[in-house]
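**Q** This is the content of work_21.cif (mmCIF, C-alpha atoms):
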data_run
loop_
_atom_site.label_atom_id
_atom_site.label_comp_id
_atom_site.auth_asym_id
_atom_site.auth_seq_id
_atom_site.Cartn_x
_atom_site.Cartn_y
_atom_site.Cartn_z
CA MET T 99 16.01 14.79 7.05
CA ALA T 100 15.23 15.14 3.34
CA VAL T 101 16.35 12.12 1.34
CA ASP T 102 18.73 12.99 -1.52
CA ARG T 103 16.80 11.30 -4.33
CA LEU T 104 18.00 10.43 -7.81
CA LEU T 105 15.09 11.24 -10.11
CA PRO T 106 15.04 10.78 -13.89
CA THR T 107 13.50 14.06 -15.09
CA GLU T 108 12.99 17.69 -14.19
CA GLU T 109 9.26 16.99 -14.06
CA SER T 110 9.75 14.34 -11.38
CA THR T 111 11.98 16.71 -9.42
CA ASP T 112 9.20 19.31 -9.46
CA LEU T 113 6.76 16.61 -8.39
CA LEU T 114 8.99 15.76 -5.43
CA ALA T 115 8.93 19.40 -4.32
CA LEU T 116 5.11 19.40 -4.49
CA VAL T 117 4.84 16.16 -2.51
CA ARG T 118 7.24 17.37 0.16
CA ASP T 119 5.34 20.62 0.56
CA LEU T 120 2.07 18.74 1.01
CA CYS T 121 3.68 16.35 3.47
CA VAL T 122 5.01 19.18 5.61
CA HIS T 123 1.88 21.33 5.61
CA GLU T 124 -1.08 18.99 4.97
CA LEU T 125 -0.12 15.56 6.32
CA ALA T 126 2.52 15.43 9.07
CA PRO T 127 0.87 18.01 11.38
CA TYR T 128 -2.34 15.96 11.59
CA ALA T 129 -1.04 12.39 11.67
CA ALA T 130 -0.58 11.82 15.39
CA GLN T 131 -3.96 13.22 16.40
CA ALA T 132 -5.85 11.35 13.69
CA GLU T 133 -4.17 8.07 14.59
CA GLU T 134 -4.93 8.67 18.27
CA SER T 135 -8.61 9.34 17.57
CA GLU T 136 -8.79 6.63 14.85
CA THR T 137 -10.11 9.19 12.35
CA PHE T 138 -10.13 8.17 8.70
CA PRO T 139 -8.07 10.75 6.73
CA ARG T 140 -10.57 11.37 3.92
CA ASP T 141 -9.62 15.05 3.65
CA ALA T 142 -5.97 14.09 3.23
CA PHE T 143 -6.86 11.86 0.28
CA ARG T 144 -8.91 14.68 -1.25
CA THR T 145 -5.93 17.01 -0.92
CA LEU T 146 -3.64 14.51 -2.61
CA GLY T 147 -6.27 13.85 -5.26
CA LYS T 148 -6.60 17.52 -6.15
CA ALA T 149 -2.82 17.64 -6.54
CA GLY T 150 -2.98 14.72 -8.99
CA LEU T 151 -1.26 12.26 -6.66
CA LEU T 152 -3.86 9.46 -6.70
CA GLY T 153 -3.12 8.50 -10.29
CA LEU T 154 0.64 8.93 -10.53
CA PRO T 155 1.52 5.83 -12.61
CA TYR T 156 -1.53 5.94 -14.89
CA PRO T 157 -1.91 7.49 -18.39
CA GLU T 158 -2.47 11.22 -18.75
CA GLN T 159 -5.38 10.66 -21.14
CA TYR T 160 -7.42 9.27 -18.23
CA GLY T 161 -6.35 11.87 -15.69
CA GLY T 162 -3.17 10.23 -14.42
CA ALA T 163 0.35 11.67 -14.22
CA GLU T 164 1.98 8.91 -16.32
CA GLN T 165 5.02 8.66 -14.05
CA PRO T 166 7.40 5.68 -14.01
CA TYR T 167 6.97 3.36 -11.06
CA GLU T 168 10.46 4.39 -9.93
CA VAL T 169 9.12 7.92 -9.45
CA TYR T 170 5.69 6.96 -8.08
CA LEU T 171 7.22 4.77 -5.37
CA GLN T 172 9.60 7.48 -4.21
CA MET T 173 6.70 9.91 -3.92
CA LEU T 174 4.79 7.24 -2.02
CA GLU T 175 7.73 6.81 0.34
CA GLU T 176 7.64 10.54 1.12
CA ILE T 177 3.92 10.39 1.90
CA ALA T 178 4.31 7.33 4.13
CA ALA T 179 7.14 8.99 6.06
CA ALA T 180 4.78 11.86 6.86
CA TRP T 181 1.69 9.73 7.60
CA MET T 182 1.78 5.98 7.17
CA SER T 183 -1.99 5.44 7.00
CA VAL T 184 -2.20 7.85 4.08
CA GLY T 185 0.79 6.31 2.32
CA VAL T 186 -0.71 2.84 2.61
CA GLY T 187 -4.05 4.26 1.45
CA VAL T 188 -2.50 5.72 -1.70
CA SER T 189 -0.84 2.35 -2.38
CA VAL T 190 -4.13 0.51 -1.89
CA HIS T 191 -5.96 2.96 -4.16
CA THR T 192 -3.33 2.60 -6.87
CA MET T 193 -3.52 -1.20 -6.69
CA THR T 194 -7.32 -1.06 -6.73
CA SER T 195 -7.25 0.90 -10.00
CA TYR T 196 -4.66 -1.41 -11.56
CA GLY T 197 -6.99 -4.19 -12.69
CA LEU T 198 -9.27 -2.01 -14.79
CA ALA T 199 -6.40 0.17 -16.05
CA THR T 200 -4.43 -2.87 -17.23
CA PHE T 201 -7.02 -5.51 -18.14
CA GLY T 202 -10.12 -3.42 -18.83
CA THR T 203 -11.52 -2.64 -22.25
CA GLU T 204 -11.05 0.75 -23.84
CA GLU T 205 -14.73 1.46 -23.19
CA GLN T 206 -14.29 0.66 -19.50
CA ARG T 207 -11.17 2.77 -19.18
CA ALA T 208 -12.83 5.76 -20.86
CA ARG T 209 -16.00 5.37 -18.75
CA LEU T 210 -14.55 4.59 -15.33
CA LEU T 211 -10.85 5.35 -15.06
CA PRO T 212 -10.96 9.19 -15.11
CA ASP T 213 -13.16 9.21 -11.99
CA MET T 214 -11.15 6.41 -10.35
CA ILE T 215 -7.80 8.16 -10.61
CA GLY T 216 -8.85 11.77 -11.11
CA GLY T 217 -8.65 12.65 -7.43
CA GLU T 218 -12.15 12.71 -5.96
CA MET T 219 -12.70 8.96 -5.65
CA LEU T 220 -10.98 6.44 -3.38
CA GLY T 221 -10.78 2.72 -4.06
CA ALA T 222 -10.68 -0.50 -2.03
CA TYR T 223 -9.28 -3.90 -3.02
CA ALA T 224 -11.70 -6.67 -2.06
CA LEU T 225 -9.81 -9.95 -2.39
CA SER T 226 -9.34 -11.58 1.04
CA GLU T 227 -12.10 -13.43 2.86
CA PRO T 228 -12.46 -14.71 6.43
CA GLN T 229 -11.33 -18.19 5.30
CA ALA T 230 -9.38 -17.20 2.18
CA GLY T 231 -6.37 -15.00 2.84
CA SER T 232 -3.11 -16.28 1.42
CA ASP T 233 -5.07 -19.06 -0.31
CA ILE T 234 -6.97 -17.03 -2.91
CA SER T 235 -8.37 -20.21 -4.49
CA GLY T 236 -10.37 -20.81 -1.31
CA MET T 237 -12.67 -17.81 -1.83
CA THR T 238 -16.40 -18.45 -1.68
CA THR T 239 -17.90 -15.07 -2.69
CA ARG T 240 -19.94 -15.79 -5.82
CA ALA T 241 -20.95 -13.80 -8.88
CA VAL T 242 -23.83 -15.22 -10.93
CA ARG T 243 -24.75 -13.87 -14.36
CA ASP T 244 -28.37 -12.75 -14.62
CA GLY T 245 -29.08 -11.23 -18.01
CA ASP T 246 -27.20 -7.97 -18.32
CA GLU T 247 -26.11 -8.07 -14.69
CA TYR T 248 -24.02 -10.03 -12.23
CA VAL T 249 -25.34 -10.77 -8.74
CA LEU T 250 -22.63 -10.91 -6.06
CA THR T 251 -23.07 -12.71 -2.74
CA GLY T 252 -20.49 -13.26 -0.01
CA THR T 253 -18.18 -11.55 2.47
CA LYS T 254 -14.74 -10.01 2.10
CA ALA T 255 -12.41 -9.44 5.06
CA TRP T 256 -9.57 -7.10 6.01
CA ILE T 257 -10.60 -4.52 3.44
CA SER T 258 -8.74 -1.22 3.77
CA HIS T 259 -11.05 1.79 3.25
CA GLY T 260 -14.09 -0.42 3.90
CA SER T 261 -17.18 1.82 4.22
CA HIS T 262 -15.18 4.87 3.05
CA ALA T 263 -14.24 3.84 -0.50
CA ASP T 264 -16.12 5.00 -3.59
CA PHE T 265 -15.53 1.76 -5.50
CA TYR T 266 -14.42 -1.79 -4.73
CA THR T 267 -12.36 -3.93 -7.09
CA THR T 268 -13.99 -7.21 -6.12
CA PHE T 269 -12.95 -10.77 -6.84
CA ALA T 270 -15.67 -13.43 -6.86
CA ARG T 271 -16.14 -17.00 -7.98
CA THR T 272 -17.94 -17.50 -11.29
CA SER T 273 -17.28 -21.26 -11.50
CA ALA T 274 -16.10 -24.09 -9.27
CA ASP T 275 -12.62 -24.26 -10.87
CA PRO T 276 -10.20 -23.45 -7.99
CA LYS T 277 -7.94 -21.18 -10.07
CA ARG T 278 -9.78 -20.40 -13.31
CA GLY T 279 -13.16 -19.87 -11.70
CA ILE T 280 -12.42 -16.44 -10.22
CA SER T 281 -13.39 -13.18 -11.94
CA ALA T 282 -12.84 -9.49 -11.21
CA PHE T 283 -15.51 -6.77 -11.02
CA HIS T 284 -15.78 -3.03 -10.57
CA VAL T 285 -18.36 -2.46 -7.83
CA PRO T 286 -19.45 1.11 -7.04
CA ALA T 287 -20.00 1.91 -3.38
CA THR T 288 -23.55 2.96 -4.19
CA ALA T 289 -24.55 -0.58 -5.23
CA GLU T 290 -27.62 -1.78 -3.33
CA GLY T 291 -26.91 -4.66 -0.94
CA LEU T 292 -23.38 -3.56 -0.07
CA SER T 293 -22.77 -3.26 3.69
CA PHE T 294 -19.86 -3.22 6.11
CA GLY T 295 -18.80 -4.70 9.41
CA ALA T 296 -17.53 -2.71 12.37
CA PRO T 297 -13.97 -1.39 11.94
CA GLU T 298 -11.29 -3.79 13.14
CA ARG T 299 -9.56 -2.70 16.36
CA LYS T 300 -5.93 -2.74 15.28
CA MET T 301 -2.63 -2.16 17.06
CA GLY T 302 -1.44 0.25 14.35
CA LEU T 303 -2.59 2.14 11.27
CA THR T 304 -5.57 3.12 13.37
CA GLY T 305 -6.44 5.95 11.02
CA SER T 306 -6.88 3.49 8.16
CA THR T 307 -10.29 1.87 8.51
CA THR T 308 -10.36 -1.91 7.92
CA THR T 309 -13.68 -3.77 7.77
CA LEU T 310 -15.63 -6.71 6.47
CA VAL T 311 -17.48 -5.99 3.23
CA ASN T 312 -20.77 -7.86 2.78
CA TYR T 313 -22.35 -8.49 -0.61
CA ASP T 314 -26.03 -9.33 -0.22
CA GLN T 315 -27.38 -9.95 -3.72
CA VAL T 316 -25.41 -6.97 -5.02
CA ARG T 317 -26.33 -6.31 -8.65
CA ILE T 318 -23.86 -4.64 -10.98
CA PRO T 319 -23.90 -4.20 -14.76
CA ALA T 320 -22.28 -7.06 -16.67
CA VAL T 321 -20.10 -4.47 -18.40
CA ASN T 322 -18.33 -4.00 -15.03
CA LEU T 323 -16.66 -7.40 -15.40
CA ILE T 324 -12.90 -6.72 -15.67
CA GLY T 325 -11.27 -8.93 -18.28
CA ALA T 326 -13.01 -12.19 -19.13
CA GLU T 327 -14.69 -14.61 -16.75
CA GLY T 328 -11.97 -16.68 -15.11
CA ASP T 329 -9.27 -13.99 -15.44
CA GLY T 330 -9.57 -12.96 -11.79
CA MET T 331 -6.67 -14.98 -10.41
CA ARG T 332 -4.31 -13.61 -13.06
CA ILE T 333 -5.51 -10.04 -12.46
CA ALA T 334 -5.24 -10.36 -8.67
CA LEU T 335 -1.72 -11.78 -8.69
CA SER T 336 -0.53 -9.23 -11.23
CA ALA T 337 -1.95 -6.39 -9.15
CA LEU T 338 -0.31 -7.80 -6.03
CA ASP T 339 3.13 -7.73 -7.67
CA SER T 340 2.79 -3.97 -8.12
CA GLY T 341 1.01 -3.51 -4.80
CA ARG T 342 3.85 -5.19 -2.95
CA LEU T 343 6.20 -2.58 -4.31
CA GLY T 344 3.87 0.08 -2.90
CA ILE T 345 4.00 -1.49 0.54
CA ALA T 346 7.78 -1.83 0.26
CA ALA T 347 8.09 1.90 -0.45
CA CYS T 348 5.73 2.75 2.43
CA ALA T 349 7.78 0.58 4.78
CA VAL T 350 10.97 2.39 3.79
CA GLY T 351 9.29 5.75 4.36
CA LEU T 352 8.25 4.62 7.83
CA ALA T 353 11.76 3.38 8.58
CA GLN T 354 13.24 6.67 7.38
CA ALA T 355 10.90 8.60 9.66
CA ALA T 356 11.95 6.43 12.61
CA LEU T 357 15.64 6.90 11.79
CA ASP T 358 15.19 10.68 11.63
CA VAL T 359 13.49 10.74 15.04
CA ALA T 360 16.19 8.55 16.59
CA ALA T 361 19.10 10.56 15.16
CA ALA T 362 17.60 13.88 16.25
CA TYR T 363 16.92 12.58 19.75
CA ALA T 364 20.44 11.12 20.06
CA LEU T 365 21.92 14.57 19.38
CA GLU T 366 19.70 16.23 22.00
CA ARG T 367 19.66 13.68 24.82
CA GLN T 368 22.44 14.26 27.37
CA GLN T 369 23.89 11.54 29.59
CA PHE T 370 27.16 11.50 31.52
CA GLY T 371 27.84 15.05 30.38
CA GLN T 372 27.51 14.47 26.63
CA ALA T 373 24.99 13.74 23.91
CA ILE T 374 24.22 10.03 23.64
CA ALA T 375 25.09 10.36 19.94
CA ASP T 376 28.73 10.63 21.08
CA PHE T 377 28.67 7.09 22.45
CA GLN T 378 29.92 4.46 20.04
CA GLY T 379 27.16 2.04 20.99
CA VAL T 380 24.50 4.50 19.86
CA GLN T 381 26.51 5.48 16.78
CA PHE T 382 26.72 1.85 15.66
CA LEU T 383 23.01 1.36 16.27
CA LEU T 384 22.17 4.41 14.15
CA ALA T 385 24.62 3.28 11.46
CA ASP T 386 22.93 -0.11 11.21
CA MET T 387 19.55 1.60 10.97
CA ALA T 388 20.77 3.88 8.18
CA ALA T 389 22.30 0.94 6.30
CA ALA T 390 19.02 -0.97 6.55
CA VAL T 391 17.02 1.96 5.18
CA GLU T 392 19.39 2.61 2.28
CA SER T 393 19.64 -1.04 1.26
CA ALA T 394 15.87 -1.48 1.47
CA ARG T 395 15.31 1.60 -0.70
CA ALA T 396 17.74 0.25 -3.30
CA THR T 397 15.88 -3.07 -3.31
CA TYR T 398 12.47 -1.61 -4.15
CA LEU T 399 13.96 0.78 -6.72
CA GLN T 400 15.66 -2.11 -8.51
CA ALA T 401 12.34 -3.95 -8.77
CA ALA T 402 10.57 -0.77 -9.92
CA ARG T 403 13.10 -0.19 -12.69
CA ARG T 404 12.56 -3.72 -13.96
CA ARG T 405 8.82 -3.04 -14.01
CA ASP T 406 9.35 0.21 -15.89
CA LEU T 407 11.42 -1.63 -18.50
CA GLY T 408 8.68 -4.21 -19.00
CA ARG T 409 10.80 -7.03 -17.58
CA PRO T 410 9.51 -9.73 -15.20
CA PHE T 411 9.61 -8.52 -11.61
CA THR T 412 7.50 -10.95 -9.56
CA GLN T 413 10.51 -12.32 -7.69
CA GLN T 414 12.03 -8.87 -7.24
CA ALA T 415 8.73 -7.48 -5.92
CA ALA T 416 8.52 -10.27 -3.36
CA ILE T 417 12.14 -9.70 -2.34
CA ALA T 418 11.52 -5.97 -2.00
CA LYS T 419 8.40 -6.49 0.10
CA LEU T 420 10.26 -8.96 2.35
CA ILE T 421 13.44 -6.89 2.76
CA CYS T 422 11.75 -3.50 3.16
CA THR T 423 9.13 -4.58 5.69
CA ASP T 424 11.59 -6.59 7.78
CA ALA T 425 13.86 -3.53 7.74
CA ALA T 426 10.99 -1.31 8.85
CA MET T 427 10.23 -3.59 11.79
CA LYS T 428 13.86 -3.63 12.92
CA VAL T 429 14.54 0.07 12.38
CA THR T 430 11.40 1.21 14.18
CA THR T 431 12.13 -1.13 17.09
CA ASP T 432 15.68 0.18 17.29
CA ALA T 433 14.36 3.76 17.22
CA VAL T 434 12.35 3.00 20.35
CA GLN T 435 15.54 1.65 21.92
CA VAL T 436 17.51 4.81 21.08
CA LEU T 437 14.84 6.93 22.75
CA GLY T 438 14.86 4.68 25.81
CA GLY T 439 11.95 5.21 28.16
CA TYR T 440 10.62 8.08 26.05
CA GLY T 441 10.47 5.73 23.08
CA TYR T 442 7.87 3.70 24.95
CA THR T 443 5.64 6.73 25.49
CA ARG T 444 3.25 8.48 23.13
CA GLU T 445 5.11 11.73 23.67
CA PHE T 446 7.27 10.70 20.73
CA PRO T 447 6.12 8.97 17.51
CA ALA T 448 8.61 6.09 17.72
CA GLU T 449 6.19 3.70 19.42
CA ARG T 450 3.53 4.45 16.79
CA TYR T 451 6.03 3.77 14.02
CA MET T 452 6.86 0.40 15.58
CA ARG T 453 3.19 -0.55 15.82
CA GLU T 454 2.61 0.52 12.23
CA ALA T 455 5.62 -1.41 10.95
CA LYS T 456 4.33 -4.77 12.16
CA VAL T 457 1.41 -4.99 9.76
CA THR T 458 3.67 -4.39 6.75
CA GLN T 459 5.07 -7.88 7.36
CA ILE T 460 1.54 -9.28 7.15
CA PHE T 461 -0.62 -7.60 4.49
CA GLU T 462 -0.20 -7.83 0.70
CA GLY T 463 1.02 -11.37 1.36
CA THR T 464 2.77 -12.31 4.60
CA ASN T 465 6.55 -12.41 4.51
CA GLN T 466 6.34 -16.18 4.72
CA ILE T 467 4.32 -16.12 1.49
CA GLN T 468 6.97 -13.83 -0.04
CA ARG T 469 9.60 -16.45 0.72
CA LEU T 470 7.42 -19.02 -1.01
CA VAL T 471 7.06 -16.79 -4.08
CA ILE T 472 10.80 -16.12 -4.17
CA SER T 473 11.80 -19.77 -3.82
CA ARG T 474 9.30 -20.96 -6.42
CA ASP T 475 10.47 -18.38 -8.93
CA LEU T 476 14.11 -19.16 -8.22
CA LEU T 477 13.69 -22.92 -8.60
CA ARG T 478 11.58 -22.48 -11.71
CA SER T 479 14.38 -20.51 -13.36
CA VAL T 480 16.99 -23.10 -12.33
CA ARG T 481 14.99 -25.99 -13.71
#
Turn the structure described in the file into structure tokens.
**A**
Amino acid sequence: MAVDRLLPTEESTDLLALVRDLCVHELAPYAAQAEESETFPRDAFRTLGKAGLLGLPYPEQYGGAEQPYEVYLQMLEEIAAAWMSVGVGVSVHTMTSYGLATFGTEEQRARLLPDMIGGEMLGAYALSEPQAGSDISGMTTRAVRDGDEYVLTGTKAWISHGSHADFYTTFARTSADPKRGISAFHVPATAEGLSFGAPERKMGLTGSTTTLVNYDQVRIPAVNLIGAEGDGMRIALSALDSGRLGIAACAVGLAQAALDVAAAYALERQQFGQAIADFQGVQFLLADMAAAVESARATYLQAARRRDLGRPFTQQAAIAKLICTDAAMKVTTDAVQVLGGYGYTREFPAERYMREAKVTQIFEGTNQIQRLVISRDLLRSVR
């Protein structure tokens, strides 16, 4: 079912039509098979890139579409509803480009950003480490200045697009200061000394490759430092605020897809001489699913509009990520229930949606971390 979206301009309405056409013809038909075979959807990203959809919120002068986040997120939701691994990948790529687009120098933006968001390249966000996930200050990957270069040594973990990305926005320690000793770098995939672990064997998003990234004396030009030394924590947290909105939108897209499958099945499945959609128990279940999807969508759009207005949105982003991903987990689980035994089989996509929903409660900051962010921001404002 096509979502009746409220978009701000005629341009964004035309963009929606383009995205929906690509979803129907270029994404949805290939999702199930690619997830089954754990095939990375590089061609899908190329298709979206050629259509200008890998740089939606970024300035036109660098090859972006300069769309408000309110519009970008709704396009992202459409993509995720068609193929979750691709939706998450677009969100990751957009977050990966954020640091240089927002904190980079004009020289850096002119030199690097057109290729990063122009469509051919795909990015990866290298922040987490085996022993430093939610606790960013615990990272041990180091970057040492050596003349006109930095030398990076260490290991990153849980990196989406690992071994497939064309560049890695990498965070590394440049001093011992727990919070002010972290810096951000643009690392091209061609850098010597960069290697990757075997893909993680995951319960969902199996088309989205996730690996360790190893930095063995990786040398990059000093001009690839993003911001100043010590700005890495600020850049990472700022990027995560926007990235959480991307995951929130993807989660809503996934929930919408599950709702659509459940409603269609309920109208077709006959029991006791009538469609199961005629039973009040199923009707109430579908109604609760629809209410969860609509309220979650409203939550991420409210946060996006604050971002577009230049107002603080850290708390709202955390709320959106929490609400939308919890909704996705519940709605996809309920979709399996509506389909009954068939919901537990791979004949229908409901079980895949449920497996994919689970990780949305974990990455880009677990939902327990979101509650910490929300409570800290709330109490700070009260004090």
**Q** Name every residue that the PyMOL selection byres ((chain T and resi 210) around 10) selects in this structure, writing the answer as a list of chain:residue names with chains first and numbers rising.
**A** T:Tyr160, T:Ser195, T:Leu198, T:Ala199, T:Gly202, T:Glu204, T:Glu205, T:Gln206, T:Arg207, T:Ala208, T:Arg209, T:Leu211, T:Pro212, T:Asp213, T:Met214, T:Ile215, T:His284, T:Asn322
**Q** Out of T:Val249, T:Val242, T:Leu303, T:Ala356, which residue has the shortest atom-to-atom distance to Glu134 in chain T when counting all atoms listed in the file?
**A**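 The closest residue to Glu134 in chain T is T:Leu303.
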**Q** Pick from T:Met237, T:Met427, T:Leu104, T:Leu407: nearest to Ala448 in chain T, with only C-alpha atoms counted?
**A** T:Met427
**Q** When you count all atoms listed in the file, which of these residues is closest to Ala455 in chain T: T:Ala349, T:Arg469, T:Arg405, T:Arg478?
**A** T:Ala349
**Q** Evaluate the PyMOL selection byres ((chain T and resi 458) around 12) against this structure - the residues, as a PyMOL selection string, please.
**A** chain T and resi 182-183+185-186+302-303+341-353+418-428+451-457+459-465
**Q** Once you have the residues from the selection above, write them out as a PDB file, in the coordinates of the input, restricted to C-alpha atoms.
**A**
ATOM      1  CA  MET T 182       1.780   5.980   7.170  1.00  0.00           C
ATOM      2  CA  SER T 183      -1.990   5.440   7.000  1.00  0.00           C
ATOM      3  CA  GLY T 185       0.790   6.310   2.320  1.00  0.00           C
ATOM      4  CA  VAL T 186      -0.710   2.840   2.610  1.00  0.00           C
ATOM      5  CA  GLY T 302      -1.440   0.250  14.350  1.00  0.00           C
ATOM      6  CA  LEU T 303      -2.590   2.140  11.270  1.00  0.00           C
ATOM      7  CA  GLY T 341       1.010  -3.510  -4.800  1.00  0.00           C
ATOM      8  CA  ARG T 342       3.850  -5.190  -2.950  1.00  0.00           C
ATOM      9  CA  LEU T 343       6.200  -2.580  -4.310  1.00  0.00           C
ATOM     10  CA  GLY T 344       3.870   0.080  -2.900  1.00  0.00           C
ATOM     11  CA  ILE T 345       4.000  -1.490   0.540  1.00  0.00           C
ATOM     12  CA  ALA T 346       7.780  -1.830   0.260  1.00  0.00           C
ATOM     13  CA  ALA T 347       8.090   1.900  -0.450  1.00  0.00           C
ATOM     14  CA  CYS T 348       5.730   2.750   2.430  1.00  0.00           C
ATOM     15  CA  ALA T 349       7.780   0.580   4.780  1.00  0.00           C
ATOM     16  CA  VAL T 350      10.970   2.390   3.790  1.00  0.00           C
ATOM     17  CA  GLY T 351       9.290   5.750   4.360  1.00  0.00           C
ATOM     18  CA  LEU T 352       8.250   4.620   7.830  1.00  0.00           C
ATOM     19  CA  ALA T 353      11.760   3.380   8.580  1.00  0.00           C
ATOM     20  CA  ALA T 418      11.520  -5.970  -2.000  1.00  0.00           C
ATOM     21  CA  LYS T 419       8.400  -6.490   0.100  1.00  0.00           C
ATOM     22  CA  LEU T 420      10.260  -8.960   2.350  1.00  0.00           C
ATOM     23  CA  ILE T 421      13.440  -6.890   2.760  1.00  0.00           C
ATOM     24  CA  CYS T 422      11.750  -3.500   3.160  1.00  0.00           C
ATOM     25  CA  THR T 423       9.130  -4.580   5.690  1.00  0.00           C
ATOM     26  CA  ASP T 424      11.590  -6.590   7.780  1.00  0.00           C
ATOM     27  CA  ALA T 425      13.860  -3.530   7.740  1.00  0.00           C
ATOM     28  CA  ALA T 426      10.990  -1.310   8.850  1.00  0.00           C
ATOM     29  CA  MET T 427      10.230  -3.590  11.790  1.00  0.00           C
ATOM     30  CA  LYS T 428      13.860  -3.630  12.920  1.00  0.00           C
ATOM     31  CA  TYR T 451       6.030   3.770  14.020  1.00  0.00           C
ATOM     32  CA  MET T 452       6.860   0.400  15.580  1.00  0.00           C
ATOM     33  CA  ARG T 453       3.190  -0.550  15.820  1.00  0.00           C
ATOM     34  CA  GLU T 454       2.610   0.520  12.230  1.00  0.00           C
ATOM     35  CA  ALA T 455       5.620  -1.410  10.950  1.00  0.00           C
ATOM     36  CA  LYS T 456       4.330  -4.770  12.160  1.00  0.00           C
ATOM     37  CA  VAL T 457       1.410  -4.990   9.760  1.00  0.00           C
ATOM     38  CA  GLN T 459       5.070  -7.880   7.360  1.00  0.00           C
ATOM     39  CA  ILE T 460       1.540  -9.280   7.150  1.00  0.00           C
ATOM     40  CA  PHE T 461      -0.620  -7.600   4.490  1.00  0.00           C
ATOM     41  CA  GLU T 462      -0.200  -7.830   0.700  1.00  0.00           C
ATOM     42  CA  GLY T 463       1.020 -11.370   1.360  1.00  0.00           C
ATOM     43  CA  THR T 464       2.770 -12.310   4.600  1.00  0.00           C
ATOM     44  CA  ASN T 465       6.550 -12.410   4.510  1.00  0.00           C
TER      45      ASN T 465
END
**Q** So which one's closest to Glu392 in chain T, T:Phe370, T:Gln354, T:Ser135, T:Gln413? Using only C-alpha atoms, please.
**A**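 Looking only at the distances to Glu392 in chain T, the closest residue turns out to be T:Gln354.
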**Q** At what distance in Å, to one decimal, does CA of Pro286 in chain T lie from CA of Ala163 in chain T?
**A**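 It comes out at 23.6 Å.
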**Q** Let me make sure I understand: among T:Thr267, T:Gln466, T:Gln315, T:Thr239, which one has the smallest atom-to-atom distance to Ala334 in chain T if we use only C-alpha atoms?
**A**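 Nearest to Ala334 in chain T: T:Thr267.
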**Q** Determine, counting only C-alpha atoms, which protein, DNA and RNA residues have an atom within 8 Å of an atom of range 117-120 of chain T; residues of the same chain fewer than 4 positions away are not included. Present the result as a count of residues only.
**A** 7
**Q** Tell me which of T:Ala178, T:Val184, T:Met193, T:Ile417 sits closest to Leu154 in chain T, counting all atoms listed in the file.
**A** T:Met193
**Q** Using all atoms listed in the file, which residues sit within 10 Å of Asp432 in chain T once same-chain residues fewer than 2 positions away are excluded, as an MDAnalysis selection string?
**A** chainID T and resid 356:357 360 383:384 386:387 426:430 434:438 441 448 452
**Q** Tell me which protein, DNA and RNA residues are within 8 Å of Thr194 in chain T, counting only C-alpha atoms, leaving out same-chain ones fewer than 2 positions away, and put them as a VMD selection string.
**A** chain T and resid 190 to 192 196 to 197 221 to 223 266 to 267 337
**Q** Would you kindly translate the PyMOL selection byres ((chain T and resi 106) around 12) into the concrete residues it picks from this file, as a PyMOL selection string?
**A** chain T and resi 103-105+107-114+165-170+172+403
**Q** Interatomic distance between CA of Thr272 in chain T and CA of Arg243 in chain T?
**A** 8.3 Å
